[in-house]
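Trainee: My file is upload_16.csv. It has CSV, C-alpha atoms:
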```
chain,number,residue,atom,x,y,z
Y,380,MET,CA,-6.1,-6.3,-29.0
Y,381,PRO,CA,-2.8,-5.0,-27.7
Y,382,ARG,CA,0.1,-5.2,-30.2
Y,383,VAL,CA,3.7,-5.6,-29.1
Y,384,SER,CA,6.8,-4.8,-31.1
Y,385,GLY,CA,10.5,-4.8,-30.3
Y,386,THR,CA,13.5,-3.4,-32.1
Y,387,PRO,CA,15.9,-5.9,-33.8
Y,388,ALA,CA,18.8,-4.6,-31.7
Y,389,SER,CA,17.1,-5.5,-28.4
Y,390,ALA,CA,16.1,-8.8,-26.9
Y,391,THR,CA,13.4,-7.1,-24.8
Y,392,GLU,CA,9.9,-8.6,-25.4
Y,393,ALA,CA,6.6,-8.0,-23.7
Y,394,ARG,CA,3.3,-9.8,-23.1
Y,395,ILE,CA,0.0,-8.8,-21.6
Y,396,ALA,CA,-0.6,-10.9,-18.5
Y,397,TRP,CA,-4.1,-9.6,-17.7
Y,398,SER,CA,-6.4,-6.5,-17.9
Y,399,ASP,CA,-9.4,-5.2,-16.0
Y,400,ASP,CA,-11.9,-2.4,-16.5
Y,401,LEU,CA,-12.5,0.3,-13.9
Y,402,GLY,CA,-15.1,2.1,-16.0
Y,403,ASP,CA,-13.4,5.5,-16.6
Y,404,TYR,CA,-10.1,7.3,-16.8
Y,405,VAL,CA,-7.5,5.6,-14.6
Y,406,THR,CA,-6.0,8.3,-12.3
Y,407,ALA,CA,-3.4,6.2,-10.5
Y,408,VAL,CA,-1.9,2.7,-10.2
Y,409,GLY,CA,0.7,1.3,-7.8
Y,410,TRP,CA,2.4,-1.9,-6.5
Y,411,ALA,CA,2.8,-2.8,-2.8
Y,412,ALA,CA,6.4,-2.7,-1.6
Y,413,ASP,CA,6.5,-6.5,-1.7
Y,414,GLY,CA,5.0,-6.7,-5.2
Y,415,ALA,CA,2.2,-9.0,-4.1
Y,416,LEU,CA,-0.7,-6.5,-4.5
Y,417,VAL,CA,-1.6,-3.7,-6.9
Y,418,ALA,CA,-4.0,-0.8,-6.4
Y,419,ALA,CA,-5.8,1.4,-8.9
Y,420,SER,CA,-8.2,4.4,-8.9
Y,421,SER,CA,-10.5,5.8,-11.5
Y,422,LEU,CA,-12.7,8.8,-12.3
Y,423,SER,CA,-15.6,6.3,-12.2
Y,424,GLY,CA,-15.1,6.5,-8.4
Y,425,ARG,CA,-13.7,3.0,-8.0
Y,426,ALA,CA,-10.7,2.3,-5.8
Y,427,VAL,CA,-9.6,-1.3,-5.8
Y,428,VAL,CA,-6.8,-3.6,-4.5
Y,429,LEU,CA,-6.0,-6.7,-6.7
Y,430,GLY,CA,-3.6,-9.6,-6.4
Y,431,ALA,CA,-0.6,-9.7,-8.7
Y,432,ASP,CA,-2.7,-12.2,-10.7
Y,433,GLY,CA,-5.5,-9.7,-11.2
Y,434,ALA,CA,-7.9,-11.2,-8.7
Y,435,LEU,CA,-10.0,-8.7,-6.7
Y,436,VAL,CA,-8.8,-8.5,-3.1
Y,437,ALA,CA,-10.7,-5.4,-2.0
Y,438,GLU,CA,-13.3,-3.0,-3.4
Y,439,LEU,CA,-13.2,0.2,-1.4
Y,440,PRO,CA,-16.2,2.5,-0.9
Y,441,GLU,CA,-16.8,4.6,-4.0
Y,442,HIS,CA,-15.5,8.1,-4.2
Y,443,PRO,CA,-18.3,10.1,-5.8
Y,444,MET,CA,-17.1,12.2,-8.8
Y,445,GLY,CA,-13.9,10.3,-8.9
Y,446,ALA,CA,-11.0,8.6,-7.0
Y,447,LEU,CA,-8.1,10.8,-7.8
Y,448,ALA,CA,-5.0,9.5,-6.0
Y,449,LEU,CA,-3.3,6.6,-4.2
Y,450,ASP,CA,0.0,5.7,-2.7
Y,451,TRP,CA,1.4,2.5,-1.1
Y,452,SER,CA,3.4,2.7,2.0
Y,453,PRO,CA,7.1,1.8,1.3
Y,454,ARG,CA,7.2,-0.3,4.5
Y,455,ALA,CA,3.9,-2.3,4.7
Y,456,GLN,CA,0.9,-3.6,2.8
Y,457,ARG,CA,-0.9,-0.3,3.4
Y,458,VAL,CA,-2.3,2.0,0.8
Y,459,ALA,CA,-3.9,5.4,0.9
Y,460,PHE,CA,-6.7,6.4,-1.4
Y,461,ALA,CA,-8.4,9.8,-1.9
Y,462,GLY,CA,-10.9,11.4,-4.1
Y,463,GLN,CA,-13.0,14.3,-5.3
Y,464,ASP,CA,-15.4,13.8,-2.4
Y,465,GLY,CA,-12.7,15.0,0.0
Y,466,VAL,CA,-12.3,11.6,1.8
Y,467,LEU,CA,-8.9,10.0,2.5
Y,468,ARG,CA,-9.0,6.3,3.4
Y,469,ILE,CA,-6.2,3.9,4.4
Y,470,TRP,CA,-6.5,0.3,3.5
Y,471,GLU,CA,-4.6,-2.7,4.8
Y,472,PRO,CA,-5.4,-6.4,4.8
Y,473,GLY,CA,-8.0,-7.3,7.5
Y,474,PRO,CA,-10.2,-4.5,8.8
Y,475,ALA,CA,-12.4,-2.2,6.8
Y,476,PRO,CA,-10.6,0.8,5.4
Y,477,ALA,CA,-10.3,3.6,7.9
Y,478,VAL,CA,-11.5,7.1,7.0
Y,479,ALA,CA,-8.5,9.3,8.0
Y,480,TRP,CA,-9.6,12.7,6.8
Y,481,GLU,CA,-12.8,14.4,5.4
Y,482,GLN,CA,-12.5,17.8,3.8
Y,483,PRO,CA,-14.8,20.1,1.8
Y,484,ALA,CA,-12.2,20.3,-1.0
Y,485,TRP,CA,-11.2,17.4,-3.1
Y,486,ILE,CA,-8.0,15.5,-2.2
Y,487,SER,CA,-5.9,15.2,-5.4
Y,488,THR,CA,-2.6,14.1,-4.0
Y,489,VAL,CA,-1.3,11.7,-1.3
Y,490,ALA,CA,2.3,10.7,-0.5
Y,491,TRP,CA,3.9,8.4,2.1
Y,492,ALA,CA,7.3,9.4,3.6
Y,493,PRO,CA,10.2,7.2,2.5
Y,494,ASN,CA,10.4,5.6,5.9
Y,495,GLY,CA,6.6,4.9,6.0
Y,496,THR,CA,6.1,6.7,9.3
Y,497,ARG,CA,4.0,9.6,8.0
Y,498,LEU,CA,1.3,10.2,5.3
Y,499,ALA,CA,0.7,13.5,3.7
Y,500,ALA,CA,-2.4,14.6,1.7
Y,501,GLY,CA,-3.4,17.8,-0.1
Y,502,ALA,CA,-7.0,19.0,0.0
Y,503,GLY,CA,-7.5,22.3,-1.8
Y,504,ARG,CA,-5.3,24.8,0.0
Y,505,THR,CA,-4.8,22.5,3.1
Y,506,LEU,CA,-2.0,20.1,3.8
Y,507,GLY,CA,-2.6,17.3,6.2
Y,508,VAL,CA,-0.1,14.9,7.8
Y,509,PHE,CA,-1.1,11.6,9.4
Y,510,GLU,CA,0.3,8.6,11.3
Y,511,PRO,CA,0.2,5.2,9.4
Y,512,ASP,CA,-3.1,4.3,11.0
Y,513,GLY,CA,-4.7,7.7,10.0
Y,514,THR,CA,-4.3,9.5,13.3
Y,515,PRO,CA,-3.9,13.2,12.5
Y,516,VAL,CA,-0.4,14.7,13.2
Y,517,ARG,CA,-0.6,18.3,11.8
Y,518,GLU,CA,-2.7,20.4,9.5
Y,519,TYR,CA,-1.5,23.4,7.5
Y,520,PRO,CA,-4.4,25.4,6.1
Y,521,ASP,CA,-4.6,28.5,3.9
Y,522,LEU,CA,-1.6,27.8,1.6
Y,523,PRO,CA,-1.1,30.2,-1.3
Y,524,SER,CA,-3.0,27.9,-3.7
Y,525,THR,CA,-4.4,24.4,-4.2
Y,526,VAL,CA,-1.8,21.8,-3.4
Y,527,ALA,CA,-0.9,20.3,-6.8
Y,528,ASP,CA,1.6,17.7,-5.6
Y,529,LEU,CA,3.5,16.5,-2.6
Y,530,ALA,CA,7.1,15.2,-2.1
Y,531,TRP,CA,9.0,14.1,1.0
Y,532,SER,CA,12.7,14.7,1.6
Y,533,GLY,CA,14.9,11.6,1.6
Y,534,ASP,CA,15.2,11.6,5.4
Y,535,SER,CA,11.4,11.8,5.8
Y,536,ARG,CA,11.8,15.0,7.9
Y,537,ARG,CA,10.2,17.5,5.6
Y,538,VAL,CA,7.3,17.3,3.2
Y,539,GLY,CA,7.1,19.7,0.2
Y,540,ALA,CA,3.8,21.1,-1.1
Y,541,ALA,CA,3.7,22.2,-4.8
Y,542,VAL,CA,1.8,25.5,-4.7
Y,543,TYR,CA,1.8,28.7,-6.7
Y,544,GLY,CA,4.9,30.7,-5.9
Y,545,GLY,CA,7.2,27.7,-5.4
Y,546,PRO,CA,7.4,24.7,-3.1
Y,547,LEU,CA,6.7,25.1,0.6
Y,548,TRP,CA,8.5,22.7,3.0
Y,549,PHE,CA,7.0,21.7,6.3
Y,550,GLU,CA,8.4,19.8,9.2
Y,551,PRO,CA,5.6,17.9,11.0
Y,552,ALA,CA,7.8,17.4,14.1
Y,553,ARG,CA,8.1,21.2,14.6
Y,554,THR,CA,5.5,23.0,16.8
Y,555,ALA,CA,5.5,26.0,14.5
Y,556,ASP,CA,2.7,26.2,11.8
Y,557,ASP,CA,4.8,28.1,9.3
Y,558,ALA,CA,6.9,26.6,6.6
Y,559,ALA,CA,10.4,25.6,7.4
Y,560,ALA,CA,11.6,26.6,3.9
Y,561,HIS,CA,10.2,28.2,0.8
Y,562,PHE,CA,11.8,27.9,-2.6
Y,563,ALA,CA,10.4,31.0,-4.2
Y,564,TRP,CA,9.5,31.0,-7.9
Y,565,THR,CA,6.7,32.8,-9.7
Y,566,GLY,CA,4.6,30.2,-11.5
Y,567,SER,CA,2.2,27.3,-11.2
Y,568,LEU,CA,3.7,24.0,-10.3
Y,569,LEU,CA,2.0,20.8,-11.5
Y,570,THR,CA,4.3,18.1,-10.2
Y,571,LEU,CA,7.1,17.9,-7.6
Y,572,THR,CA,9.7,15.2,-7.1
Y,573,VAL,CA,12.8,14.7,-5.0
Y,574,ALA,CA,15.8,12.8,-6.2
Y,575,PRO,CA,16.5,9.5,-4.3
Y,576,SER,CA,19.8,11.0,-3.1
Y,577,GLY,CA,18.0,13.9,-1.5
Y,578,LYS,CA,20.2,16.3,-3.3
Y,579,TRP,CA,17.7,17.8,-5.7
Y,580,CYS,CA,14.0,18.5,-6.2
Y,581,ALA,CA,12.3,19.3,-9.4
Y,582,SER,CA,8.9,20.7,-10.5
Y,583,GLY,CA,7.1,20.4,-13.8
Y,584,ASN,CA,5.2,23.6,-14.5
Y,585,GLN,CA,2.2,25.1,-16.3
Y,586,ASP,CA,4.5,27.5,-18.2
Y,587,ARG,CA,6.2,24.6,-20.1
Y,588,SER,CA,9.3,24.6,-17.9
Y,589,VAL,CA,11.1,22.4,-15.4
Y,590,HIS,CA,12.5,24.1,-12.3
Y,591,VAL,CA,15.2,22.4,-10.2
Y,592,TRP,CA,16.4,23.4,-6.7
Y,593,ARG,CA,19.3,22.0,-4.7
Y,594,LEU,CA,18.3,20.7,-1.3
Y,595,TRP,CA,18.7,22.5,1.0
Y,596,SER,CA,20.6,25.6,-0.2
Y,597,GLY,CA,17.8,26.5,-2.6
Y,598,ASP,CA,20.2,27.1,-5.5
Y,599,ASP,CA,18.2,26.7,-8.6
Y,600,LEU,CA,18.1,26.3,-12.4
Y,601,GLN,CA,15.4,26.1,-15.1
Y,602,MET,CA,14.9,24.1,-18.3
Y,603,SER,CA,12.4,25.9,-20.5
Y,604,GLY,CA,11.1,25.9,-24.1
Y,605,TYR,CA,9.1,22.7,-24.0
Y,606,PRO,CA,6.1,22.6,-26.3
Y,607,THR,CA,3.6,21.7,-23.6
Y,608,LYS,CA,3.1,22.0,-19.8
Y,609,ILE,CA,5.1,19.5,-17.8
Y,610,SER,CA,3.3,17.0,-15.7
Y,611,ALA,CA,5.5,13.9,-16.0
Y,612,LEU,CA,8.9,13.8,-14.3
Y,613,ALA,CA,11.1,10.9,-13.0
Y,614,TRP,CA,14.5,10.6,-11.3
Y,615,SER,CA,16.7,7.6,-12.0
Y,616,PRO,CA,17.4,5.5,-8.9
Y,617,SER,CA,21.0,6.8,-9.0
Y,618,SER,CA,19.7,10.4,-9.1
Y,619,ARG,CA,22.0,11.1,-12.0
Y,620,PHE,CA,19.2,11.6,-14.6
Y,621,LEU,CA,16.0,13.5,-14.6
Y,622,ALA,CA,13.5,12.4,-17.2
Y,623,VAL,CA,11.0,14.9,-18.5
Y,624,GLY,CA,7.9,13.9,-20.5
Y,625,SER,CA,6.9,16.3,-23.2
Y,626,PHE,CA,5.2,16.1,-26.7
Y,627,ASP,CA,6.7,13.5,-29.0
Y,628,ASP,CA,9.8,12.9,-26.9
Y,629,VAL,CA,11.2,12.4,-23.4
Y,630,THR,CA,14.4,14.3,-22.5
Y,631,LEU,CA,17.0,13.1,-20.0
Y,632,TRP,CA,19.0,15.7,-18.1
Y,633,ASP,CA,22.4,14.6,-16.7
Y,634,PHE,CA,23.0,15.8,-13.1
Y,635,ALA,CA,26.5,14.2,-12.8
Y,636,GLY,CA,29.2,16.6,-11.5
Y,637,ARG,CA,28.1,20.2,-11.5
Y,638,GLY,CA,24.7,19.4,-13.1
Y,639,PRO,CA,23.0,20.0,-16.4
Y,640,ARG,CA,23.5,23.8,-16.7
Y,641,GLY,CA,24.7,24.7,-20.2
Y,642,THR,CA,24.2,21.1,-21.5
Y,643,THR,CA,21.9,19.5,-24.1
Y,644,PRO,CA,19.6,16.7,-22.9
Y,645,ARG,CA,19.4,13.3,-24.5
Y,646,ALA,CA,16.1,12.8,-26.4
Y,647,LEU,CA,14.1,9.6,-26.3
Y,648,THR,CA,11.6,9.2,-29.2
Y,649,GLY,CA,9.4,6.6,-30.8
Y,650,PHE,CA,5.9,7.8,-29.9
Y,651,GLU,CA,3.4,10.5,-31.0
Y,652,GLY,CA,1.5,12.8,-28.7
Y,653,ALA,CA,2.0,13.5,-25.0
Y,654,ALA,CA,4.0,11.5,-22.5
Y,655,THR,CA,1.5,11.2,-19.6
Y,656,GLY,CA,3.6,9.2,-17.1
Y,657,LEU,CA,7.2,8.3,-16.5
Y,658,ALA,CA,8.9,5.7,-14.3
Y,659,TYR,CA,12.3,4.1,-14.0
Y,660,SER,CA,12.7,0.4,-13.2
Y,661,THR,CA,14.0,-0.2,-9.7
Y,662,ASP,CA,17.4,-1.2,-11.1
Y,663,GLY,CA,17.6,1.9,-13.3
Y,664,THR,CA,18.2,0.0,-16.5
Y,665,HIS,CA,14.9,0.9,-18.2
Y,666,LEU,CA,12.6,3.9,-18.4
Y,667,ALA,CA,8.9,3.5,-19.2
Y,668,ALA,CA,6.4,6.1,-20.5
Y,669,THR,CA,2.7,6.0,-20.9
Y,670,THR,CA,1.8,8.0,-24.0
Y,671,ASP,CA,-1.1,8.9,-26.2
Y,672,ASP,CA,-0.3,5.9,-28.4
Y,673,GLY,CA,0.7,3.2,-25.9
Y,674,LEU,CA,3.5,2.1,-23.6
Y,675,ARG,CA,7.2,2.7,-24.5
Y,676,VAL,CA,10.2,1.3,-22.7
Y,677,TRP,CA,13.7,2.4,-23.3
Y,678,ALA,CA,16.8,0.4,-22.3
Y,679,VAL,CA,18.5,3.6,-21.1
Y,680,GLU,CA,21.8,2.1,-20.1
Y,681,ARG,CA,22.4,0.9,-23.7
Y,682,GLY,CA,22.1,4.4,-25.1
Y,683,GLY,CA,20.2,5.3,-28.2
Y,684,GLY,CA,16.9,7.1,-28.3
Y,685,THR,CA,14.4,4.5,-29.7
Y,686,PRO,CA,12.3,2.2,-27.5
Y,687,ALA,CA,13.5,-1.3,-26.8
Y,688,VAL,CA,9.8,-2.3,-26.7
Y,689,ALA,CA,6.5,-0.7,-27.7
Y,690,VAL,CA,3.1,-1.9,-26.6
Y,691,GLU,CA,0.2,-0.5,-28.7
Y,692,ILE,CA,-2.8,-0.7,-26.4
Y,693,GLY,CA,-5.3,0.9,-28.8
Y,694,GLU,CA,-6.1,3.8,-26.5
Y,695,PRO,CA,-4.2,6.6,-24.8
Y,696,LEU,CA,-2.5,5.6,-21.5
Y,697,SER,CA,-2.6,7.7,-18.4
Y,698,THR,CA,-0.4,6.3,-15.6
Y,699,LEU,CA,2.0,3.5,-14.8
Y,700,ALA,CA,4.1,1.8,-12.1
Y,701,TRP,CA,6.9,-0.8,-12.1
Y,702,ARG,CA,6.6,-3.9,-9.9
Y,703,PRO,CA,9.4,-3.7,-7.3
Y,704,GLY,CA,12.4,-5.7,-8.3
Y,705,CYS,CA,10.7,-7.2,-11.4
Y,706,PRO,CA,10.5,-6.4,-15.1
Y,707,GLU,CA,6.7,-5.9,-15.0
Y,708,LEU,CA,4.5,-2.8,-15.2
Y,709,LEU,CA,0.9,-1.9,-14.3
Y,710,VAL,CA,-0.5,0.7,-16.7
Y,711,GLY,CA,-3.8,2.6,-16.7
Y,712,SER,CA,-5.7,3.9,-19.7
Y,713,ALA,CA,-7.8,6.9,-20.4
Y,714,ALA,CA,-10.6,4.5,-21.3
Y,715,GLY,CA,-10.6,2.9,-17.8
Y,716,ARG,CA,-8.5,-0.2,-18.3
Y,717,ILE,CA,-5.7,-1.4,-16.0
Y,718,ILE,CA,-3.2,-3.8,-17.7
Y,719,ARG,CA,-0.3,-5.8,-16.4
Y,720,VAL,CA,2.6,-5.9,-18.8
Y,721,CYS,CA,5.5,-8.4,-18.4
Y,722,LEU,CA,8.9,-7.8,-20.0
Y,723,SER,CA,11.5,-10.3,-20.7
```
Before we go any further, please render this structure as structure tokens.

Mentor:
Amino acid sequence: MPRVSGTPASATEARIAWSDDLGDYVTAVGWAADGALVAASSLSGRAVVLGADGALVAELPEHPMGALALDWSPRAQRVAFAGQDGVLRIWEPGPAPAVAWEQPAWISTVAWAPNGTRLAAGAGRTLGVFEPDGTPVREYPDLPSTVADLAWSGDSRRVGAAVYGGPLWFEPARTADDAAAHFAWTGSLLTLTVAPSGKWCASGNQDRSVHVWRLWSGDDLQMSGYPTKISALAWSPSSRFLAVGSFDDVTLWDFAGRGPRGTTPRALTGFEGAATGLAYSTDGTHLAATTDDGLRVWAVERGGGTPAVAVEIGEPLSTLAWRPGCPELLVGSAAGRIIRVCLS
């Protein structure tokens, strides 16, 4: 059974509202923009949409060999699912989910533009861009390597593909097929994220480093020396802090003023093993991490480095998402469970 603990200095408490079993490692979870629905995908091949109460709303066609990615539109009850079978589907209430794309390579990452007018997906070395209903807009093949992650600029004009050699930025509205910008860097990118302000983008890398570029000048800096590869990053809603998940701690880099160059990050501790996922609450007051030994939530505005609440699930956790505007999280586990956690 899950076990919840809080620190004496914090009034934060947590309870488990419900859980469900998807049968295998949970690859992604997410909340609809209005907080009324959740979605989850698993290596079992299952892709589901549930109500906030945990009731099944839709069971999508199975993705053989695993459902790998999902993302909710920021403007509608519309979610994109993709999997190792190379199929991208878009679900919304009412009609059966539409197949938007079929590729010979697996689709491991999908991302909606911030304004909800475009959807991007990476299949092997190909980037595809689509209308909200799945109508193809552009396709960019033969990228330098497999697309590891995708991130849109804040104005929804450019989409960045995390590939070997540094992020490539494409403008779907352009007629040219080449990249509009390339932030060159020799290394393998695992994750890519743009600050809400649109001022910075950051990548977590195979070589145990974090690389940060200023948009759009390309000026860059690097944080290195982490004990493991970096696959979990999160910007605070204010864009002031970049959280980096590592082994046995999470570091917070301060981008106020001239940025973090030459400074020491704040360390958040209170767990053992790897931080597998990171997310800030929508108001920026809390940072949550899925770890090898459960869920940790820090009240980051209060200072200190120990969690305000710890939820011991009894199995390693893999991914998480905050409910928009609410102190609630959906987390996924390596054993296949999805769990709704309510904080108070």

Trainee: Would you be able to write out as a list in words which residues have an atom within 12 Å of (22.8, 14.8, -16.8) in the file's coordinates, counting all atoms listed in the file?

Mentor: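 It turns out the residues near that spot are Trp614, Ser615, Ser617, Ser618, Arg619, Phe620, Leu621, Ala622, Val623, Thr630, Leu631, Trp632, Asp633, Phe634, Ala635, Gly636, Arg637, Gly638, Pro639, Arg640, Gly641, Thr642, Thr643, Pro644, Arg645 and Ala646 of chain Y.
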
Trainee: What are the closest atom pairs, with distances in Å to one decimal, for all residues of region 695-723 of chain Y lying within 8 Å of region 656-666 of chain Y? Consider all atoms listed in the file, order rows by chain and residue number, and present the result as a tab-separated table.

Mentor:
```
residue	atom	partner	partner_atom	distance
Y:Ser697	CA	Y:Gly656	CA	6.5
Y:Thr698	CA	Y:Gly656	CA	5.2
Y:Leu699	CA	Y:Gly656	CA	6.4
Y:Ala700	CA	Y:Ala658	CA	6.6
Y:Trp701	CA	Y:Ser660	CA	6.0
Y:Pro703	CA	Y:Thr661	CA	6.3
Y:Gly704	CA	Y:Thr661	CA	5.9
Y:Cys705	CA	Y:Thr661	CA	7.9
Y:Pro706	CA	Y:Ser660	CA	7.4
```

Trainee: Give as an MDAnalysis selection string each residue that has an atom at most 12 Å from (-5.2, 5.7, -16.5) in the file, counting only C-alpha atoms.

Mentor: chainID Y and resid 399:409 419:423 446:448 655:656 669:671 673:674 694:700 709:718

Trainee: Would you please work out which residue, of Y:Val589, Y:Leu467, Y:Ala560, Y:Ala412, is nearest to Gly495 (chain Y) when using all atoms listed in the file?

Mentor: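 Ranking Y:Val589, Y:Leu467, Y:Ala560, Y:Ala412 by distance to Gly495 (chain Y), first place goes to Y:Ala412.
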
Trainee: Give me, as JSON, numbers by chain, all polymer residues having an atom no more than 7 Å from His561 (chain Y), counting all atoms listed in the file and skipping those fewer than 5 positions away in the same chain.

Mentor: {"Y": [545, 546, 547, 548]}

Trainee: Just the residues within 7 Å of Ala437 (chain Y), please, counting only C-alpha atoms, with nothing from its chain fewer than 2 positions along; format it as a list of chain:residue names.

Mentor: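 Here the answer would be Y:Val427, Y:Val428, Y:Leu429, Y:Leu435, Y:Leu439.
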
Trainee: I need the residues from that last selection saved to file as an mmCIF file, in the frame of the given file (with C-alpha atoms), if you can.

Mentor:
```
data_model
loop_
_atom_site.group_PDB
_atom_site.id
_atom_site.type_symbol
_atom_site.label_atom_id
_atom_site.label_comp_id
_atom_site.auth_asym_id
_atom_site.auth_seq_id
_atom_site.Cartn_x
_atom_site.Cartn_y
_atom_site.Cartn_z
ATOM 1 C CA VAL Y 427 -9.600 -1.300 -5.800
ATOM 2 C CA VAL Y 428 -6.800 -3.600 -4.500
ATOM 3 C CA LEU Y 429 -6.000 -6.700 -6.700
ATOM 4 C CA LEU Y 435 -10.000 -8.700 -6.700
ATOM 5 C CA LEU Y 439 -13.200 0.200 -1.400
#
```

Trainee: Near Asp450 (chain Y), within 8 Å and counting all atoms listed in the file, which residues show up once chain neighbours fewer than 5 positions away are dropped, as a PyMOL selection string?

Mentor: chain Y and resi 409+458-460+489-491

Trainee: Write out as a PyMOL selection string which residues come within 9 Å of region 593-607 of chain Y when counting only C-alpha atoms, dropping same-chain ones fewer than 6 positions away.

Mentor: chain Y and resi 532+560-563+573+577-581+585-587+625-626+639-640+653

Trainee: How far is it from CA of Ser487 (chain Y) to CA of Ala502 (chain Y), in Å with one decimal?

Mentor: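 CA of Ala502 (chain Y) lies 6.7 Å from CA of Ser487 (chain Y).
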
Trainee: Take region 578-596 of chain Y, model N, CA and C atoms, and hand the result over as an mmCIF file, in the coordinates of the input.

Mentor:
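This went into selection35.cif:
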```cif
data_model
loop_
_atom_site.group_PDB
_atom_site.id
_atom_site.type_symbol
_atom_site.label_atom_id
_atom_site.label_comp_id
_atom_site.auth_asym_id
_atom_site.auth_seq_id
_atom_site.Cartn_x
_atom_site.Cartn_y
_atom_site.Cartn_z
ATOM 1 N N LYS Y 578 19.434 15.148 -2.948
ATOM 2 C CA LYS Y 578 20.200 16.300 -3.300
ATOM 3 C C LYS Y 578 19.453 17.369 -4.066
ATOM 4 N N TRP Y 579 18.466 16.935 -4.886
ATOM 5 C CA TRP Y 579 17.700 17.800 -5.700
ATOM 6 C C TRP Y 579 16.225 17.619 -5.603
ATOM 7 N N CYS Y 580 15.444 18.658 -5.907
ATOM 8 C CA CYS Y 580 14.000 18.500 -6.200
ATOM 9 C C CYS Y 580 13.687 19.212 -7.443
ATOM 10 N N ALA Y 581 12.654 18.733 -8.140
ATOM 11 C CA ALA Y 581 12.300 19.300 -9.400
ATOM 12 C C ALA Y 581 10.788 19.455 -9.524
ATOM 13 N N SER Y 582 10.367 20.495 -10.220
ATOM 14 C CA SER Y 582 8.900 20.700 -10.500
ATOM 15 C C SER Y 582 8.699 20.791 -11.967
ATOM 16 N N GLY Y 583 7.584 20.209 -12.414
ATOM 17 C CA GLY Y 583 7.100 20.400 -13.800
ATOM 18 C C GLY Y 583 5.999 21.487 -13.683
ATOM 19 N N ASN Y 584 5.975 22.393 -14.663
ATOM 20 C CA ASN Y 584 5.200 23.600 -14.500
ATOM 21 C C ASN Y 584 4.230 23.892 -15.649
ATOM 22 N N GLN Y 585 3.250 24.721 -15.322
ATOM 23 C CA GLN Y 585 2.200 25.100 -16.300
ATOM 24 C C GLN Y 585 2.827 25.903 -17.442
ATOM 25 N N ASP Y 586 3.908 26.648 -17.199
ATOM 26 C CA ASP Y 586 4.500 27.500 -18.200
ATOM 27 C C ASP Y 586 5.455 26.767 -19.157
ATOM 28 N N ARG Y 587 5.379 25.431 -19.178
ATOM 29 C CA ARG Y 587 6.200 24.600 -20.100
ATOM 30 C C ARG Y 587 7.653 24.568 -19.715
ATOM 31 N N SER Y 588 7.903 24.644 -18.418
ATOM 32 C CA SER Y 588 9.300 24.600 -17.900
ATOM 33 C C SER Y 588 9.444 23.565 -16.850
ATOM 34 N N VAL Y 589 10.707 23.262 -16.541
ATOM 35 C CA VAL Y 589 11.100 22.400 -15.400
ATOM 36 C C VAL Y 589 11.979 23.289 -14.520
ATOM 37 N N HIS Y 590 11.696 23.344 -13.229
ATOM 38 C CA HIS Y 590 12.500 24.100 -12.300
ATOM 39 C C HIS Y 590 13.158 23.124 -11.322
ATOM 40 N N VAL Y 591 14.435 23.300 -11.036
ATOM 41 C CA VAL Y 591 15.200 22.400 -10.200
ATOM 42 C C VAL Y 591 15.861 23.209 -9.072
ATOM 43 N N TRP Y 592 15.745 22.725 -7.840
ATOM 44 C CA TRP Y 592 16.400 23.400 -6.700
ATOM 45 C C TRP Y 592 17.349 22.348 -6.045
ATOM 46 N N ARG Y 593 18.430 22.842 -5.506
ATOM 47 C CA ARG Y 593 19.300 22.000 -4.700
ATOM 48 C C ARG Y 593 18.867 22.037 -3.265
ATOM 49 N N LEU Y 594 18.677 20.843 -2.702
ATOM 50 C CA LEU Y 594 18.300 20.700 -1.300
ATOM 51 C C LEU Y 594 19.581 20.713 -0.459
ATOM 52 N N TRP Y 595 19.708 21.569 0.563
ATOM 53 C CA TRP Y 595 18.700 22.500 1.000
ATOM 54 C C TRP Y 595 19.152 23.953 0.841
ATOM 55 N N SER Y 596 20.084 24.200 -0.010
ATOM 56 C CA SER Y 596 20.600 25.600 -0.200
ATOM 57 C C SER Y 596 19.561 26.435 -0.939
#
```
